[in-house]
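*Asks:* Here it is, the structure, as structure tokens.
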Amino acid sequence: QMQLVEFGGGLVQPGGSLRLSCAASGLTFESRAIGWFRLAPGKEREQLSCISSSGLYTNYADSVKGRFTISRDNAKDTVYLQLNSLKPEDTGTYFCAARPRYVRQCATRPADFESWGQGTQVTVSS
């Protein structure tokens, strides 16, 4: 399995921005689709966005569409999630997850992702 580490979370005021990074170690990063998920208190884990292995295809949850942007740099084995116009309801632990190697397309179910990071906390509060 691939090792994933997220960083970039923190405390931000409503309307603010953060950039999360998901750094991968191990081979075949460029062959895997990567997703970002959020776990908020009292809620189920929610997929926010996913990017195909090439970076050409992305999708977003309705709750973040137009505010969050996913991207990847395969030369750096890193996927990013730019969070703009943050709201208090965006508070939660953010995880990145990788699909199995050579599975290049996105999926929405957590069970379709093989490797997970430990998460980074995002708190949106004034």
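Naming works like this for the structure tokens: A, B, ... for the chains as they're shown, residue 1 at the start of each chain, ligands 1 onward in shown order.
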Give the strand (DSSP E) residues of chain A, as DSSP finds them on the backbone, and put them as a ChimeraX atom specification.

*Replies:* /A:3-7,10-12,18-25,34-39,46-51,58-60,68-73,78-83,92-98,115-116,120-124

*Asks:* Need the shell around Thr78 in chain A: protein/DNA/RNA residues with any atom at most 10 Å away, counting only C-alpha atoms. Skip same-chain ones fewer than 5 positions apart. Format as a compact mmCIF listing (two decimals) with N, CA, C and O atoms, in the first residue's frame?

*Replies:*
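As a result, around_23.txt now contains:
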# COMPACT_ATOMS: atom_id res chain seq x y z
N LEU A 4 0.46 7.78 2.79
CA LEU A 4 -0.01 9.13 2.50
C LEU A 4 0.05 9.98 3.76
O LEU A 4 -0.30 9.51 4.85
N VAL A 5 0.46 11.22 3.60
CA VAL A 5 0.53 12.16 4.73
C VAL A 5 -0.10 13.47 4.30
O VAL A 5 0.30 14.05 3.28
N GLU A 6 -1.08 13.91 5.08
CA GLU A 6 -1.72 15.18 4.80
C GLU A 6 -1.14 16.27 5.69
O GLU A 6 -0.80 16.01 6.84
N SER A 21 -2.20 19.65 1.45
CA SER A 21 -1.33 18.83 0.62
C SER A 21 -1.41 17.38 1.07
O SER A 21 -1.58 17.11 2.27
N CYS A 22 -1.28 16.49 0.14
CA CYS A 22 -1.26 15.05 0.41
C CYS A 22 -0.02 14.50 -0.26
O CYS A 22 0.03 14.40 -1.49
N ALA A 23 0.98 14.18 0.55
CA ALA A 23 2.25 13.68 0.02
C ALA A 23 2.26 12.17 0.09
O ALA A 23 1.96 11.57 1.13
N ALA A 24 2.64 11.54 -1.03
CA ALA A 24 2.65 10.08 -1.11
C ALA A 24 4.07 9.55 -1.19
O ALA A 24 4.96 10.21 -1.75
N SER A 25 4.26 8.40 -0.63
CA SER A 25 5.54 7.71 -0.77
C SER A 25 5.27 6.32 -1.31
O SER A 25 4.23 5.73 -1.03
N PHE A 29 2.49 6.13 -7.75
CA PHE A 29 1.57 7.22 -7.41
C PHE A 29 0.85 7.72 -8.64
O PHE A 29 -0.36 7.95 -8.64
N GLU A 30 1.58 7.88 -9.73
CA GLU A 30 1.02 8.47 -10.94
C GLU A 30 0.00 7.56 -11.61
O GLU A 30 -0.68 7.98 -12.54
N ILE A 34 -6.80 9.79 -6.83
CA ILE A 34 -6.71 10.22 -5.43
C ILE A 34 -7.96 11.00 -5.06
O ILE A 34 -8.44 11.84 -5.82
N SER A 71 -5.93 19.38 -7.33
CA SER A 71 -4.91 19.33 -8.37
C SER A 71 -3.84 18.33 -7.93
O SER A 71 -3.83 17.91 -6.77
N ARG A 72 -2.97 17.97 -8.85
CA ARG A 72 -1.90 17.04 -8.49
C ARG A 72 -0.65 17.37 -9.27
O ARG A 72 -0.71 17.89 -10.40
N ASP A 73 0.48 17.01 -8.68
CA ASP A 73 1.79 17.14 -9.32
C ASP A 73 2.44 15.77 -9.23
O ASP A 73 3.01 15.41 -8.19

*Asks:* Quick one: residues within 9 Å of Gly92 in chain A, only C-alpha atoms, excluding same-chain residues fewer than 3 positions away - as an NGL selection string?

*Replies:* :A and (38-41 or 89 or 120-124)

*Asks:* Could you write out the selected residues, including N, CA, C and O atoms, as a PDB file, in the first residue's frame?

*Replies:*
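To be explicit, this is the file written out as out_35.pdb:
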ATOM      1  N   ARG A  38     -13.779  14.149   3.994  1.00  0.00           N
ATOM      2  CA  ARG A  38     -13.908  14.925   5.229  1.00  0.00           C
ATOM      3  C   ARG A  38     -14.767  14.146   6.223  1.00  0.00           C
ATOM      4  O   ARG A  38     -15.807  13.584   5.854  1.00  0.00           O
ATOM      5  N   LEU A  39     -14.312  14.162   7.467  1.00  0.00           N
ATOM      6  CA  LEU A  39     -15.091  13.584   8.556  1.00  0.00           C
ATOM      7  C   LEU A  39     -15.399  14.690   9.555  1.00  0.00           C
ATOM      8  O   LEU A  39     -14.474  15.257  10.153  1.00  0.00           O
ATOM      9  N   ALA A  40     -16.669  15.001   9.685  1.00  0.00           N
ATOM     10  CA  ALA A  40     -17.097  16.053  10.607  1.00  0.00           C
ATOM     11  C   ALA A  40     -17.825  15.425  11.793  1.00  0.00           C
ATOM     12  O   ALA A  40     -18.414  14.348  11.652  1.00  0.00           O
ATOM     13  N   PRO A  41     -17.795  16.083  12.939  1.00  0.00           N
ATOM     14  CA  PRO A  41     -18.472  15.533  14.126  1.00  0.00           C
ATOM     15  C   PRO A  41     -19.940  15.245  13.851  1.00  0.00           C
ATOM     16  O   PRO A  41     -20.667  16.096  13.321  1.00  0.00           O
ATOM     17  N   GLU A  89     -19.236  25.132   8.553  1.00  0.00           N
ATOM     18  CA  GLU A  89     -19.616  23.738   8.282  1.00  0.00           C
ATOM     19  C   GLU A  89     -18.542  22.963   7.535  1.00  0.00           C
ATOM     20  O   GLU A  89     -18.682  21.747   7.339  1.00  0.00           O
ATOM     21  N   THR A 120      -5.782  15.664   8.499  1.00  0.00           N
ATOM     22  CA  THR A 120      -5.366  16.971   9.006  1.00  0.00           C
ATOM     23  C   THR A 120      -6.628  17.738   9.387  1.00  0.00           C
ATOM     24  O   THR A 120      -7.628  17.706   8.668  1.00  0.00           O
ATOM     25  N   GLN A 121      -6.576  18.414  10.531  1.00  0.00           N
ATOM     26  CA  GLN A 121      -7.759  19.084  11.060  1.00  0.00           C
ATOM     27  C   GLN A 121      -7.915  20.471  10.449  1.00  0.00           C
ATOM     28  O   GLN A 121      -6.954  21.249  10.405  1.00  0.00           O
ATOM     29  N   VAL A 122      -9.131  20.765  10.023  1.00  0.00           N
ATOM     30  CA  VAL A 122      -9.485  22.098   9.549  1.00  0.00           C
ATOM     31  C   VAL A 122     -10.613  22.613  10.441  1.00  0.00           C
ATOM     32  O   VAL A 122     -11.641  21.948  10.597  1.00  0.00           O
ATOM     33  N   THR A 123     -10.390  23.771  11.035  1.00  0.00           N
ATOM     34  CA  THR A 123     -11.404  24.391  11.881  1.00  0.00           C
ATOM     35  C   THR A 123     -11.705  25.784  11.347  1.00  0.00           C
ATOM     36  O   THR A 123     -10.776  26.602  11.201  1.00  0.00           O
ATOM     37  N   VAL A 124     -12.962  26.022  11.038  1.00  0.00           N
ATOM     38  CA  VAL A 124     -13.379  27.318  10.519  1.00  0.00           C
ATOM     39  C   VAL A 124     -14.239  27.985  11.592  1.00  0.00           C
ATOM     40  O   VAL A 124     -15.349  27.545  11.890  1.00  0.00           O
TER      41      VAL A 124
END

*Asks:* Please provide the set of residues having any atom within 7 Å of Gln105 in chain A, restricted to only C-alpha atoms, with same-chain residues fewer than 3 positions apart removed, written as an MDAnalysis selection string.

*Replies:* chainID A and resid 33 52:53

*Asks:* Env of range 94-98 of chain A: 6 Å cut, atoms = only C-alpha atoms, seq-sep filter 6 positions within chain, self excluded. Answer as a PyMOL selection string.

*Replies:* chain A and resi 34-38+113-117+119-120

*Asks:* For a test of reading the model, state the distance in Å between CA of Val64 in chain A and CA of Gly42 in chain A, rounded to one decimal.

*Replies:*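 These atoms are spaced 18.7 Å apart.
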
*Asks:* Report as a list of chain:residue names all protein, DNA and RNA residues lying within 12 Å of Ser126 in chain A, evaluated on only C-alpha atoms, omitting residues in the same chain fewer than 6 positions from it.

*Replies:*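 Counting only the stated atoms, we get A:Leu11, A:Val12, A:Gln13, A:Pro14, A:Gly15, A:Gly16, A:Leu86, A:Lys87, A:Pro88.
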
*Asks:* Pull N, CA and C atoms from the residues just selected and write them as a PDB file, in the first residue's frame.

*Replies:*
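Contents of again-v4.pdb, freshly written:
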ATOM      1  N   LEU A  11      -6.568  26.528  11.835  1.00  0.00           N
ATOM      2  CA  LEU A  11      -7.712  27.349  12.223  1.00  0.00           C
ATOM      3  C   LEU A  11      -7.794  28.548  11.288  1.00  0.00           C
ATOM      4  N   VAL A  12      -8.956  28.777  10.732  1.00  0.00           N
ATOM      5  CA  VAL A  12      -9.136  29.872   9.788  1.00  0.00           C
ATOM      6  C   VAL A  12     -10.506  30.497  10.022  1.00  0.00           C
ATOM      7  N   GLN A  13     -10.590  31.777   9.760  1.00  0.00           N
ATOM      8  CA  GLN A  13     -11.865  32.480   9.914  1.00  0.00           C
ATOM      9  C   GLN A  13     -12.791  32.198   8.734  1.00  0.00           C
ATOM     10  N   PRO A  14     -14.081  32.314   8.937  1.00  0.00           N
ATOM     11  CA  PRO A  14     -15.013  32.157   7.803  1.00  0.00           C
ATOM     12  C   PRO A  14     -14.637  33.096   6.664  1.00  0.00           C
ATOM     13  N   GLY A  15     -14.714  32.564   5.460  1.00  0.00           N
ATOM     14  CA  GLY A  15     -14.312  33.317   4.292  1.00  0.00           C
ATOM     15  C   GLY A  15     -12.851  33.169   3.936  1.00  0.00           C
ATOM     16  N   GLY A  16     -12.099  32.556   4.807  1.00  0.00           N
ATOM     17  CA  GLY A  16     -10.668  32.390   4.576  1.00  0.00           C
ATOM     18  C   GLY A  16     -10.341  31.223   3.668  1.00  0.00           C
ATOM     19  N   LEU A  86     -14.175  29.533   2.959  1.00  0.00           N
ATOM     20  CA  LEU A  86     -14.482  28.520   3.959  1.00  0.00           C
ATOM     21  C   LEU A  86     -15.635  28.937   4.861  1.00  0.00           C
ATOM     22  N   LYS A  87     -16.411  27.941   5.262  1.00  0.00           N
ATOM     23  CA  LYS A  87     -17.579  28.137   6.111  1.00  0.00           C
ATOM     24  C   LYS A  87     -17.403  27.316   7.390  1.00  0.00           C
ATOM     25  N   PRO A  88     -18.083  27.670   8.444  1.00  0.00           N
ATOM     26  CA  PRO A  88     -17.983  26.876   9.673  1.00  0.00           C
ATOM     27  C   PRO A  88     -18.332  25.405   9.457  1.00  0.00           C
TER      28      PRO A  88
END

*Asks:* Just checking: using only C-alpha atoms, which residue out of A:Arg109, A:Leu20, A:Asp90, A:Thr69 ends up closest to Gly8 in chain A?

*Replies:*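 Using only C-alpha atoms, Gly8 in chain A sits closest to A:Leu20.
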
*Asks:* Could you pull out the helix (DSSP H, G or I) residues of chain A from DSSP and send them as a compact mmCIF listing (two decimals) with N, CA and C atoms, in the first residue's frame?

*Replies:*
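Heads up, here's the output in out-v2.txt:
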# COMPACT_ATOMS: atom_id res chain seq x y z
N PHE A 29 2.49 6.13 -7.75
CA PHE A 29 1.57 7.22 -7.41
C PHE A 29 0.85 7.72 -8.64
N GLU A 30 1.58 7.88 -9.73
CA GLU A 30 1.02 8.47 -10.94
C GLU A 30 0.00 7.56 -11.61
N SER A 31 -0.12 6.33 -11.15
CA SER A 31 -1.08 5.41 -11.74
C SER A 31 -2.40 5.35 -10.97
N PRO A 88 -18.08 27.67 8.44
CA PRO A 88 -17.98 26.88 9.67
C PRO A 88 -18.33 25.40 9.46
N GLU A 89 -19.24 25.13 8.55
CA GLU A 89 -19.62 23.74 8.28
C GLU A 89 -18.54 22.96 7.53
N ASP A 90 -17.49 23.61 7.11
CA ASP A 90 -16.35 22.92 6.51
C ASP A 90 -15.41 22.35 7.57
N PRO A 110 -15.75 5.27 0.00
CA PRO A 110 -14.50 5.07 0.74
C PRO A 110 -13.93 3.67 0.54
N ALA A 111 -14.80 2.68 0.41
CA ALA A 111 -14.32 1.30 0.25
C ALA A 111 -13.55 1.09 -1.05
N ASP A 112 -13.70 2.01 -2.00
CA ASP A 112 -12.99 1.89 -3.27
C ASP A 112 -11.56 2.43 -3.20

*Asks:* One number please: CA of Ile70 in chain A to CA of Gln82 in chain A, in Å, one decimal.

*Replies:*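 Computing the Euclidean distance for CA of Ile70 in chain A and CA of Gln82 in chain A yields 6.4 Å.
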